[in-house]
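Chemist: So that you have it, the file is data.pdb, and it contains PDB, C-alpha atoms and all ligand atoms:
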ATOM      1  CA  MET F   9      27.021 -28.786  59.900  1.00  0.00           C
ATOM      2  CA  HIS F  10      24.605 -26.958  57.568  1.00  0.00           C
ATOM      3  CA  PRO F  11      25.568 -26.849  53.896  1.00  0.00           C
ATOM      4  CA  ASP F  12      24.250 -24.000  51.790  1.00  0.00           C
ATOM      5  CA  PRO F  13      21.435 -23.889  50.728  1.00  0.00           C
ATOM      6  CA  PRO F  14      19.866 -25.857  53.582  1.00  0.00           C
ATOM      7  CA  PHE F  15      17.366 -28.602  52.827  1.00  0.00           C
ATOM      8  CA  LEU F  16      14.846 -26.957  55.117  1.00  0.00           C
ATOM      9  CA  ASP F  17      15.012 -23.275  55.977  1.00  0.00           C
ATOM     10  CA  LEU F  18      12.568 -21.397  58.199  1.00  0.00           C
ATOM     11  CA  LYS F  19      13.181 -17.772  59.106  1.00  0.00           C
ATOM     12  CA  GLY F  20      11.159 -15.779  61.615  1.00  0.00           C
ATOM     13  CA  ILE F  21       7.990 -17.857  61.322  1.00  0.00           C
ATOM     14  CA  HIS F  22       4.946 -16.571  63.202  1.00  0.00           C
ATOM     15  CA  TYR F  23       1.701 -18.461  63.511  1.00  0.00           C
ATOM     16  CA  SER F  24      -1.332 -17.960  65.758  1.00  0.00           C
ATOM     17  CA  TRP F  25      -4.330 -20.284  65.617  1.00  0.00           C
ATOM     18  CA  PRO F  26      -7.693 -18.731  64.673  1.00  0.00           C
ATOM     19  CA  GLY F  27      -8.766 -18.868  68.346  1.00  0.00           C
ATOM     20  CA  GLY F  28      -5.788 -16.636  69.157  1.00  0.00           C
ATOM     21  CA  ALA F  29      -3.352 -19.167  70.652  1.00  0.00           C
ATOM     22  CA  LYS F  30       0.202 -18.214  69.696  1.00  0.00           C
ATOM     23  CA  ALA F  31       2.003 -21.306  68.392  1.00  0.00           C
ATOM     24  CA  LEU F  32       5.153 -19.972  66.679  1.00  0.00           C
ATOM     25  CA  GLU F  33       6.783 -16.696  67.558  1.00  0.00           C
ATOM     26  CA  GLY F  34       9.740 -15.908  65.319  1.00  0.00           C
ATOM     27  CA  CYS F  35      10.779 -19.518  64.848  1.00  0.00           C
ATOM     28  CA  ASP F  36      14.022 -20.241  62.931  1.00  0.00           C
ATOM     29  CA  LEU F  37      15.059 -23.696  61.740  1.00  0.00           C
ATOM     30  CA  ARG F  38      17.716 -24.866  59.293  1.00  0.00           C
ATOM     31  CA  LEU F  39      18.288 -28.519  58.543  1.00  0.00           C
ATOM     32  CA  PRO F  40      20.739 -30.114  56.111  1.00  0.00           C
ATOM     33  CA  HIS F  41      19.827 -32.940  53.748  1.00  0.00           C
ATOM     34  CA  GLY F  42      19.789 -36.267  55.594  1.00  0.00           C
ATOM     35  CA  GLY F  43      19.906 -37.125  59.268  1.00  0.00           C
ATOM     36  CA  LEU F  44      17.649 -37.623  62.258  1.00  0.00           C
ATOM     37  CA  TRP F  45      16.875 -34.391  64.110  1.00  0.00           C
ATOM     38  CA  MET F  46      14.858 -34.392  67.319  1.00  0.00           C
ATOM     39  CA  LEU F  47      12.801 -31.703  69.022  1.00  0.00           C
ATOM     40  CA  VAL F  48      11.628 -31.760  72.605  1.00  0.00           C
ATOM     41  CA  GLY F  49       9.570 -29.223  74.523  1.00  0.00           C
ATOM     42  CA  ARG F  50       6.739 -28.793  76.970  1.00  0.00           C
ATOM     43  CA  ASN F  51       3.092 -29.266  76.012  1.00  0.00           C
ATOM     44  CA  GLY F  52       1.924 -26.296  73.995  1.00  0.00           C
ATOM     45  CA  SER F  53       5.410 -25.106  72.995  1.00  0.00           C
ATOM     46  CA  GLY F  54       4.443 -25.264  69.303  1.00  0.00           C
ATOM     47  CA  LYS F  55       6.009 -28.529  68.114  1.00  0.00           C
ATOM     48  CA  SER F  56       2.975 -30.001  66.338  1.00  0.00           C
ATOM     49  CA  SER F  57       2.044 -26.632  64.867  1.00  0.00           C
ATOM     50  CA  LEU F  58       5.585 -26.392  63.462  1.00  0.00           C
ATOM     51  CA  LEU F  59       5.284 -29.767  61.698  1.00  0.00           C
ATOM     52  CA  ARG F  60       1.922 -28.756  60.223  1.00  0.00           C
ATOM     53  CA  LEU F  61       3.466 -25.554  58.857  1.00  0.00           C
ATOM     54  CA  ILE F  62       6.394 -27.442  57.313  1.00  0.00           C
ATOM     55  CA  ALA F  63       3.958 -29.948  55.785  1.00  0.00           C
ATOM     56  CA  GLY F  64       2.021 -27.075  54.228  1.00  0.00           C
ATOM     57  CA  LEU F  65      -1.200 -27.780  56.160  1.00  0.00           C
ATOM     58  CA  LEU F  66      -0.952 -24.290  57.710  1.00  0.00           C
ATOM     59  CA  SER F  67       0.505 -21.098  56.235  1.00  0.00           C
ATOM     60  CA  PRO F  68       2.766 -18.823  58.257  1.00  0.00           C
ATOM     61  CA  GLN F  69       1.419 -15.349  59.058  1.00  0.00           C
ATOM     62  CA  ALA F  70       4.948 -13.952  58.857  1.00  0.00           C
ATOM     63  CA  GLY F  71       8.398 -15.246  57.955  1.00  0.00           C
ATOM     64  CA  GLU F  72       9.875 -17.397  55.204  1.00  0.00           C
ATOM     65  CA  LEU F  73       9.702 -21.158  54.791  1.00  0.00           C
ATOM     66  CA  GLN F  74      11.621 -23.069  52.138  1.00  0.00           C
ATOM     67  CA  CYS F  75      11.818 -26.800  51.756  1.00  0.00           C
ATOM     68  CA  GLN F  76      13.831 -28.490  48.998  1.00  0.00           C
ATOM     69  CA  GLY F  77      12.014 -31.803  49.364  1.00  0.00           C
ATOM     70  CA  ARG F  78       8.640 -33.480  49.627  1.00  0.00           C
ATOM     71  CA  SER F  79       7.403 -33.947  53.175  1.00  0.00           C
ATOM     72  CA  ALA F  80       5.127 -36.488  54.847  1.00  0.00           C
ATOM     73  CA  LEU F  81       3.672 -36.456  58.353  1.00  0.00           C
ATOM     74  CA  VAL F  82       3.613 -39.451  60.672  1.00  0.00           C
ATOM     75  CA  PHE F  83       1.363 -38.998  63.713  1.00  0.00           C
ATOM     76  CA  GLN F  84       1.378 -40.446  67.197  1.00  0.00           C
ATOM     77  CA  ASN F  85      -1.625 -42.674  66.554  1.00  0.00           C
ATOM     78  CA  PRO F  86      -1.499 -44.600  63.262  1.00  0.00           C
ATOM     79  CA  ASP F  87      -5.231 -45.346  63.596  1.00  0.00           C
ATOM     80  CA  HIS F  88      -5.849 -41.664  62.864  1.00  0.00           C
ATOM     81  CA  GLN F  89      -3.754 -41.862  59.727  1.00  0.00           C
ATOM     82  CA  LEU F  90      -4.360 -45.235  58.076  1.00  0.00           C
ATOM     83  CA  LEU F  91      -7.621 -45.098  56.166  1.00  0.00           C
ATOM     84  CA  LEU F  92      -7.983 -48.184  54.002  1.00  0.00           C
ATOM     85  CA  PRO F  93      -8.629 -51.844  54.827  1.00  0.00           C
ATOM     86  CA  SER F  94      -5.376 -53.478  53.693  1.00  0.00           C
ATOM     87  CA  CYS F  95      -1.681 -52.608  53.767  1.00  0.00           C
ATOM     88  CA  GLY F  96      -1.466 -52.628  49.965  1.00  0.00           C
ATOM     89  CA  SER F  97      -4.506 -50.403  49.373  1.00  0.00           C
ATOM     90  CA  GLU F  98      -3.224 -47.933  51.984  1.00  0.00           C
ATOM     91  CA  LEU F  99       0.125 -47.588  50.245  1.00  0.00           C
ATOM     92  CA  LEU F 100      -1.371 -47.339  46.751  1.00  0.00           C
ATOM     93  CA  LEU F 101      -3.354 -44.334  47.942  1.00  0.00           C
ATOM     94  CA  GLY F 102      -0.154 -42.272  48.144  1.00  0.00           C
ATOM     95  CA  ILE F 103       1.505 -43.494  44.938  1.00  0.00           C
ATOM     96  CA  ASP F 104       1.146 -41.287  41.884  1.00  0.00           C
ATOM     97  CA  PRO F 105      -1.830 -42.747  39.931  1.00  0.00           C
ATOM     98  CA  ARG F 106      -0.314 -41.559  36.637  1.00  0.00           C
ATOM     99  CA  LEU F 107       2.515 -44.092  36.950  1.00  0.00           C
ATOM    100  CA  PRO F 108       2.142 -47.402  35.105  1.00  0.00           C
ATOM    101  CA  GLU F 109       0.483 -50.101  37.227  1.00  0.00           C
ATOM    102  CA  GLU F 110       3.606 -52.276  37.292  1.00  0.00           C
ATOM    103  CA  LEU F 111       5.744 -49.431  38.614  1.00  0.00           C
ATOM    104  CA  ARG F 112       3.127 -48.603  41.273  1.00  0.00           C
ATOM    105  CA  LEU F 113       3.168 -52.199  42.482  1.00  0.00           C
ATOM    106  CA  GLN F 114       6.984 -52.241  42.496  1.00  0.00           C
ATOM    107  CA  ARG F 115       7.023 -49.087  44.570  1.00  0.00           C
ATOM    108  CA  LEU F 116       4.435 -50.560  46.951  1.00  0.00           C
ATOM    109  CA  GLU F 117       6.466 -53.753  47.497  1.00  0.00           C
ATOM    110  CA  ALA F 118       9.709 -51.772  47.905  1.00  0.00           C
ATOM    111  CA  ALA F 119       8.112 -49.560  50.572  1.00  0.00           C
ATOM    112  CA  LEU F 120       6.829 -52.600  52.507  1.00  0.00           C
ATOM    113  CA  GLU F 121      10.229 -54.229  52.299  1.00  0.00           C
ATOM    114  CA  GLN F 122      12.061 -51.129  53.531  1.00  0.00           C
ATOM    115  CA  VAL F 123      10.021 -51.088  56.740  1.00  0.00           C
ATOM    116  CA  GLY F 124      10.252 -54.838  57.358  1.00  0.00           C
ATOM    117  CA  LEU F 125       6.669 -55.637  56.264  1.00  0.00           C
ATOM    118  CA  ALA F 126       7.497 -57.572  53.062  1.00  0.00           C
ATOM    119  CA  GLY F 127       4.772 -60.013  52.083  1.00  0.00           C
ATOM    120  CA  LEU F 128       2.022 -58.221  54.043  1.00  0.00           C
ATOM    121  CA  ARG F 129       0.403 -56.498  51.064  1.00  0.00           C
ATOM    122  CA  GLU F 130      -2.940 -58.301  51.511  1.00  0.00           C
ATOM    123  CA  ARG F 131      -2.913 -58.142  55.321  1.00  0.00           C
ATOM    124  CA  PRO F 132      -5.865 -56.242  56.839  1.00  0.00           C
ATOM    125  CA  ILE F 133      -4.590 -53.234  58.765  1.00  0.00           C
ATOM    126  CA  HIS F 134      -6.572 -54.241  61.857  1.00  0.00           C
ATOM    127  CA  GLY F 135      -4.453 -57.398  61.915  1.00  0.00           C
ATOM    128  CA  LEU F 136      -1.223 -55.454  62.504  1.00  0.00           C
ATOM    129  CA  SER F 137       0.382 -54.688  65.872  1.00  0.00           C
ATOM    130  CA  GLY F 138       0.782 -51.060  66.940  1.00  0.00           C
ATOM    131  CA  GLY F 139       4.431 -51.082  65.929  1.00  0.00           C
ATOM    132  CA  GLN F 140       3.626 -52.630  62.537  1.00  0.00           C
ATOM    133  CA  LYS F 141       0.936 -49.985  61.951  1.00  0.00           C
ATOM    134  CA  GLN F 142       3.440 -47.248  62.687  1.00  0.00           C
ATOM    135  CA  ARG F 143       5.910 -48.854  60.262  1.00  0.00           C
ATOM    136  CA  LEU F 144       3.118 -49.006  57.665  1.00  0.00           C
ATOM    137  CA  ALA F 145       2.528 -45.268  58.135  1.00  0.00           C
ATOM    138  CA  ILE F 146       6.255 -44.779  57.462  1.00  0.00           C
ATOM    139  CA  ALA F 147       5.995 -47.053  54.396  1.00  0.00           C
ATOM    140  CA  ALA F 148       3.157 -44.845  53.122  1.00  0.00           C
ATOM    141  CA  ALA F 149       5.486 -41.841  53.399  1.00  0.00           C
ATOM    142  CA  LEU F 150       8.207 -43.717  51.490  1.00  0.00           C
ATOM    143  CA  ALA F 151       5.762 -44.857  48.805  1.00  0.00           C
ATOM    144  CA  SER F 152       4.654 -41.263  48.281  1.00  0.00           C
ATOM    145  CA  ASP F 153       8.292 -40.393  47.518  1.00  0.00           C
ATOM    146  CA  ALA F 154       8.734 -38.191  50.573  1.00  0.00           C
ATOM    147  CA  ASP F 155      12.296 -37.301  51.517  1.00  0.00           C
ATOM    148  CA  LEU F 156      11.431 -35.302  54.631  1.00  0.00           C
ATOM    149  CA  LEU F 157       9.642 -37.264  57.354  1.00  0.00           C
ATOM    150  CA  LEU F 158       7.853 -35.192  59.996  1.00  0.00           C
ATOM    151  CA  LEU F 159       7.246 -37.508  62.935  1.00  0.00           C
ATOM    152  CA  ASP F 160       5.031 -36.246  65.762  1.00  0.00           C
ATOM    153  CA  GLU F 161       5.696 -38.422  68.819  1.00  0.00           C
ATOM    154  CA  PRO F 162       5.647 -41.557  66.648  1.00  0.00           C
ATOM    155  CA  THR F 163       6.518 -43.919  69.504  1.00  0.00           C
ATOM    156  CA  ALA F 164       4.351 -42.447  72.268  1.00  0.00           C
ATOM    157  CA  LEU F 165       1.823 -45.292  72.083  1.00  0.00           C
ATOM    158  CA  LEU F 166       4.290 -48.121  71.468  1.00  0.00           C
ATOM    159  CA  ASP F 167       5.766 -50.667  73.850  1.00  0.00           C
ATOM    160  CA  PRO F 168       9.561 -50.593  74.319  1.00  0.00           C
ATOM    161  CA  ASP F 169      10.278 -53.251  71.641  1.00  0.00           C
ATOM    162  CA  SER F 170       8.165 -51.513  68.988  1.00  0.00           C
ATOM    163  CA  GLN F 171       9.591 -48.141  70.023  1.00  0.00           C
ATOM    164  CA  ALA F 172      13.097 -49.463  69.448  1.00  0.00           C
ATOM    165  CA  GLU F 173      12.104 -50.964  66.056  1.00  0.00           C
ATOM    166  CA  VAL F 174      10.563 -47.740  64.764  1.00  0.00           C
ATOM    167  CA  LEU F 175      13.500 -45.676  65.984  1.00  0.00           C
ATOM    168  CA  ALA F 176      16.022 -48.092  64.433  1.00  0.00           C
ATOM    169  CA  LEU F 177      14.092 -47.975  61.147  1.00  0.00           C
ATOM    170  CA  ILE F 178      14.157 -44.174  60.973  1.00  0.00           C
ATOM    171  CA  ARG F 179      17.820 -44.178  62.051  1.00  0.00           C
ATOM    172  CA  ALA F 180      18.652 -46.535  59.161  1.00  0.00           C
ATOM    173  CA  LEU F 181      16.623 -44.565  56.571  1.00  0.00           C
ATOM    174  CA  THR F 182      18.270 -41.288  57.580  1.00  0.00           C
ATOM    175  CA  ALA F 183      21.806 -42.688  57.614  1.00  0.00           C
ATOM    176  CA  ARG F 184      21.743 -44.804  54.450  1.00  0.00           C
ATOM    177  CA  PRO F 185      24.509 -43.856  52.022  1.00  0.00           C
ATOM    178  CA  GLU F 186      22.194 -43.825  48.958  1.00  0.00           C
ATOM    179  CA  GLY F 187      19.631 -41.011  49.242  1.00  0.00           C
ATOM    180  CA  PRO F 188      19.396 -40.613  53.006  1.00  0.00           C
ATOM    181  CA  LEU F 189      16.079 -39.218  54.224  1.00  0.00           C
ATOM    182  CA  THR F 190      15.780 -36.238  56.539  1.00  0.00           C
ATOM    183  CA  ALA F 191      13.643 -36.780  59.637  1.00  0.00           C
ATOM    184  CA  LEU F 192      12.351 -34.246  62.144  1.00  0.00           C
ATOM    185  CA  TRP F 193      11.201 -36.259  65.163  1.00  0.00           C
ATOM    186  CA  ILE F 194       9.248 -34.846  68.095  1.00  0.00           C
ATOM    187  CA  THR F 195       9.484 -36.702  71.364  1.00  0.00           C
ATOM    188  CA  HIS F 196       8.837 -36.490  75.080  1.00  0.00           C
ATOM    189  CA  ARG F 197      10.941 -39.624  75.602  1.00  0.00           C
ATOM    190  CA  LEU F 198      14.401 -38.396  76.521  1.00  0.00           C
ATOM    191  CA  ASP F 199      15.951 -41.865  76.099  1.00  0.00           C
ATOM    192  CA  GLU F 200      15.375 -41.458  72.332  1.00  0.00           C
ATOM    193  CA  LEU F 201      17.703 -38.465  72.128  1.00  0.00           C
ATOM    194  CA  ALA F 202      20.773 -40.715  72.248  1.00  0.00           C
ATOM    195  CA  GLN F 203      19.921 -41.923  68.705  1.00  0.00           C
ATOM    196  CA  CYS F 204      19.754 -38.610  66.855  1.00  0.00           C
ATOM    197  CA  ASP F 205      22.212 -36.468  64.907  1.00  0.00           C
ATOM    198  CA  GLY F 206      21.164 -33.346  66.781  1.00  0.00           C
ATOM    199  CA  ALA F 207      18.484 -32.213  69.211  1.00  0.00           C
ATOM    200  CA  ALA F 208      16.969 -28.915  70.238  1.00  0.00           C
ATOM    201  CA  LEU F 209      14.524 -27.631  72.820  1.00  0.00           C
ATOM    202  CA  MET F 210      11.404 -25.808  71.690  1.00  0.00           C
ATOM    203  CA  GLU F 211      10.058 -23.155  74.065  1.00  0.00           C
ATOM    204  CA  GLN F 212       7.249 -20.679  73.483  1.00  0.00           C
ATOM    205  CA  GLY F 213       7.228 -21.081  69.730  1.00  0.00           C
ATOM    206  CA  ARG F 214      10.980 -20.917  69.147  1.00  0.00           C
ATOM    207  CA  ILE F 215      13.724 -23.492  68.744  1.00  0.00           C
ATOM    208  CA  GLY F 216      16.872 -23.273  70.885  1.00  0.00           C
ATOM    209  CA  PRO F 217      20.422 -24.204  69.825  1.00  0.00           C
ATOM    210  CA  TRP F 218      21.155 -27.629  68.324  1.00  0.00           C
ATOM    211  CA  LEU F 219      23.145 -29.896  70.634  1.00  0.00           C
ATOM    212  CA  SER F 220      24.064 -33.542  70.613  1.00  0.00           C
ATOM    213  CA  GLY F 221      21.127 -35.602  71.865  1.00  0.00           C
ATOM    214  CA  SER F 222      22.989 -36.726  74.964  1.00  0.00           C
ATOM    215  CA  ALA F 223      24.048 -33.158  75.811  1.00  0.00           C
ATOM    216  CA  LEU F 224      20.443 -31.938  75.581  1.00  0.00           C
ATOM    217  CA  ALA F 225      19.156 -34.930  77.615  1.00  0.00           C
ATOM    218  CA  ALA F 226      21.738 -34.167  80.332  1.00  0.00           C
ATOM    219  CA  GLN F 227      20.773 -30.475  80.306  1.00  0.00           C
ATOM    220  CA  LEU F 228      17.075 -31.313  80.689  1.00  0.00           C
ATOM    221  CA  ALA F 229      17.754 -33.832  83.455  1.00  0.00           C
ATOM    222  CA  ARG F 230      19.468 -31.083  85.507  1.00  0.00           C
ATOM    223  CA  ARG F 231      16.407 -28.817  85.354  1.00  0.00           C
TER     224      ARG F 231
HETATM  225  N1  LIG C   1      -6.138 -27.080  66.299  1.00  0.00           N
HETATM  226  C1  LIG C   1      -5.849 -26.070  67.143  1.00  0.00           C
HETATM  227  N2  LIG C   1      -6.721 -25.052  67.306  1.00  0.00           N
HETATM  228  C2  LIG C   1      -6.449 -24.011  68.155  1.00  0.00           C
HETATM  229  N3  LIG C   1      -5.316 -23.913  68.873  1.00  0.00           N
HETATM  230  C3  LIG C   1      -4.410 -24.907  68.751  1.00  0.00           C
HETATM  231  C4  LIG C   1      -4.628 -26.032  67.881  1.00  0.00           C
HETATM  232  N4  LIG C   1      -3.551 -26.849  67.970  1.00  0.00           N
HETATM  233  C5  LIG C   1      -2.709 -26.264  68.844  1.00  0.00           C
HETATM  234  N5  LIG C   1      -3.222 -25.096  69.319  1.00  0.00           N
HETATM  235  C6  LIG C   1      -2.560 -24.194  70.274  1.00  0.00           C
HETATM  236  O1  LIG C   1      -1.282 -23.814  69.756  1.00  0.00           O
HETATM  237  C7  LIG C   1      -0.300 -23.786  70.788  1.00  0.00           C
HETATM  238  C8  LIG C   1       0.821 -24.763  70.418  1.00  0.00           C
HETATM  239  O2  LIG C   1       0.271 -26.081  70.420  1.00  0.00           O
HETATM  240  P1  LIG C   1       1.004 -27.340  69.749  1.00  0.00           P
HETATM  241  O3  LIG C   1      -0.025 -28.416  69.636  1.00  0.00           O
HETATM  242  O4  LIG C   1       1.715 -26.923  68.533  1.00  0.00           O
HETATM  243  O5  LIG C   1       2.072 -27.701  70.907  1.00  0.00           O
HETATM  244  P2  LIG C   1       2.927 -29.003  71.132  1.00  0.00           P
HETATM  245  O6  LIG C   1       4.301 -28.507  71.480  1.00  0.00           O
HETATM  246  O7  LIG C   1       2.784 -29.932  69.996  1.00  0.00           O
HETATM  247  O8  LIG C   1       2.282 -29.631  72.459  1.00  0.00           O
HETATM  248  P3  LIG C   1       2.166 -31.170  72.922  1.00  0.00           P
HETATM  249  O9  LIG C   1       3.508 -31.533  73.515  1.00  0.00           O
HETATM  250  O10 LIG C   1       1.085 -31.133  73.954  1.00  0.00           O
HETATM  251  O11 LIG C   1       1.794 -32.000  71.743  1.00  0.00           O
HETATM  252  C9  LIG C   1      -1.034 -24.149  72.083  1.00  0.00           C
HETATM  253  O12 LIG C   1      -1.385 -22.953  72.737  1.00  0.00           O
HETATM  254  C10 LIG C   1      -2.273 -24.873  71.594  1.00  0.00           C
HETATM  255  O13 LIG C   1      -3.341 -24.731  72.495  1.00  0.00           O
HETATM  256 MG    MG C   2       2.069 -31.883  69.826  1.00  0.00          MG
END
The structure given in the file should be rewritten as structure tokens.
Modeler:
Amino acid sequence: MHPDPPFLDLKGIHYSWPGGAKALEGCDLRLPHGGLWMLVGRNGSGKSSLLRLIAGLLSPQAGELQCQGRSALVFQNPDHQLLLPSCGSELLLGIDPRLPEELRLQRLEAALEQVGLAGLRERPIHGLSGGQKQRLAIAAALASDADLLLLDEPTALLDPDSQAEVLALIRALTARPEGPLTALWITHRLDELAQCDGAALMEQGRIGPWLSGSALAAQLARR
């Protein structure tokens, strides 16, 4: 399942927050290039801290972390992430300003199209639905050339239709034959596990064995 070298490789990561809370305690994680990988775990088990470490927002206090790609975070609430007034200005923010203007605009339009928001470049962000905002946050990750998406409960605030749309979008991006993305998706919604390539349980700052999503969902339902 894991070719060598892995796309993402964490060995023995330890991290405690400045207040003293232990978040990761000898956490190992290896992911191949491509695919949708899901993590579940109780509140406080270290899932969000893990994504922040992979994204480089925090530095491990011990252990090794190697990532072959460029990562982007997508949070539960897109209102905490989207900063600018319109869809187009939001996406331009993440596109390398050294690129020629025409290429930047091409990349912007391509990102909107990939998430099903083609033609909405001028649309004010407050005029989008919750599901559209979440897809715009994913477009921003694509526009910034990320190939590792770190999604922290991205559907927690969405209704069932928008949840299904966002999940189907990430499924398609991680399974496309040309340059599949790698996604690490945190969820408390066990129904989502059926869609992933592998799932694992996080407990007390460590990740358990990778199982099929349905096997892990069945295991958790028996608890
Ligand atoms: N910004 C922070 N400052 C101090 N401690 C924090 C911070 N964020 C998380 N922690 C602590 O780190 C530990 C792991 O929290 P983390 O947010 O990573 O868990 P989680 O698995 O994402 O939980 P949840 O399911 O509630 O989102 C907890 O003890 C938590 O209180
Ligand atoms: Mg969290």
Chemist: Give, as lines of an AutoDock Vina configuration file, the centre coordinates and the x, y and z edge lengths in Å to one decimal for an axis-aligned box around all listed atoms of ligand LIG 1 (chain C), padded by 8 Å on each side.
Modeler:
center_x = -1.2
center_y = -27.5
center_z = 70.1
size_x = 27.0
size_y = 25.0
size_z = 23.7
Chemist: Show me a table, sorted first by chain and then by increasing residue number, of the residues of chain F having an atom at most 8 Å from ligand LIG 1 (chain C), each with its shortest atom pair and the distance in Å to one decimal, counting all atoms listed in the file and written as CSV.
Modeler:
residue,atom,partner,partner_atom,distance
F:Ser24,CA,C:LIG1,O1,7.1
F:Trp25,CA,C:LIG1,N3,5.0
F:Pro26,CA,C:LIG1,C2,6.4
F:Gly27,CA,C:LIG1,C2,5.6
F:Gly28,CA,C:LIG1,N3,7.3
F:Ala29,CA,C:LIG1,O12,4.7
F:Lys30,CA,C:LIG1,C7,5.7
F:Ala31,CA,C:LIG1,C7,4.1
F:Leu32,CA,C:LIG1,C8,7.5
F:Gly49,CA,C:LIG1,O6,6.1
F:Arg50,CA,C:LIG1,O9,5.5
F:Asn51,CA,C:LIG1,O9,3.4
F:Gly52,CA,C:LIG1,O5,3.4
F:Ser53,CA,C:LIG1,O6,3.9
F:Gly54,CA,C:LIG1,O4,3.3
F:Lys55,CA,C:LIG1,O6,3.8
F:Ser56,CA,C:LIG1,O7,3.7
F:Ser57,CA,C:LIG1,O4,3.7
F:Leu58,CA,C:LIG1,O4,6.4
F:Asp160,CA,C:LIG1,O7,7.9
F:His196,CA,C:LIG1,O9,7.4
F:Met210,CA,C:LIG1,O6,7.6
F:Gly213,CA,C:LIG1,C8,7.4
Chemist: Could you tell me how far CA of Val123 in chain F lies from CA of Thr195 in chain F, in Å and to one decimal?
Modeler: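 Result for CA of Val123 in chain F versus CA of Thr195 in chain F: 20.5 Å, one decimal.
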Chemist: Please report the interatomic distance between CA of Pro14 in chain F and CA of His41 in chain F in Å with one decimal.
Modeler: 7.1 Å
Chemist: Which of these residues is nearest to Ala226 in chain F, using all atoms listed in the file: F:Asp199, F:Glu98, F:Asp205, F:Gln89?
Modeler: F:Asp199
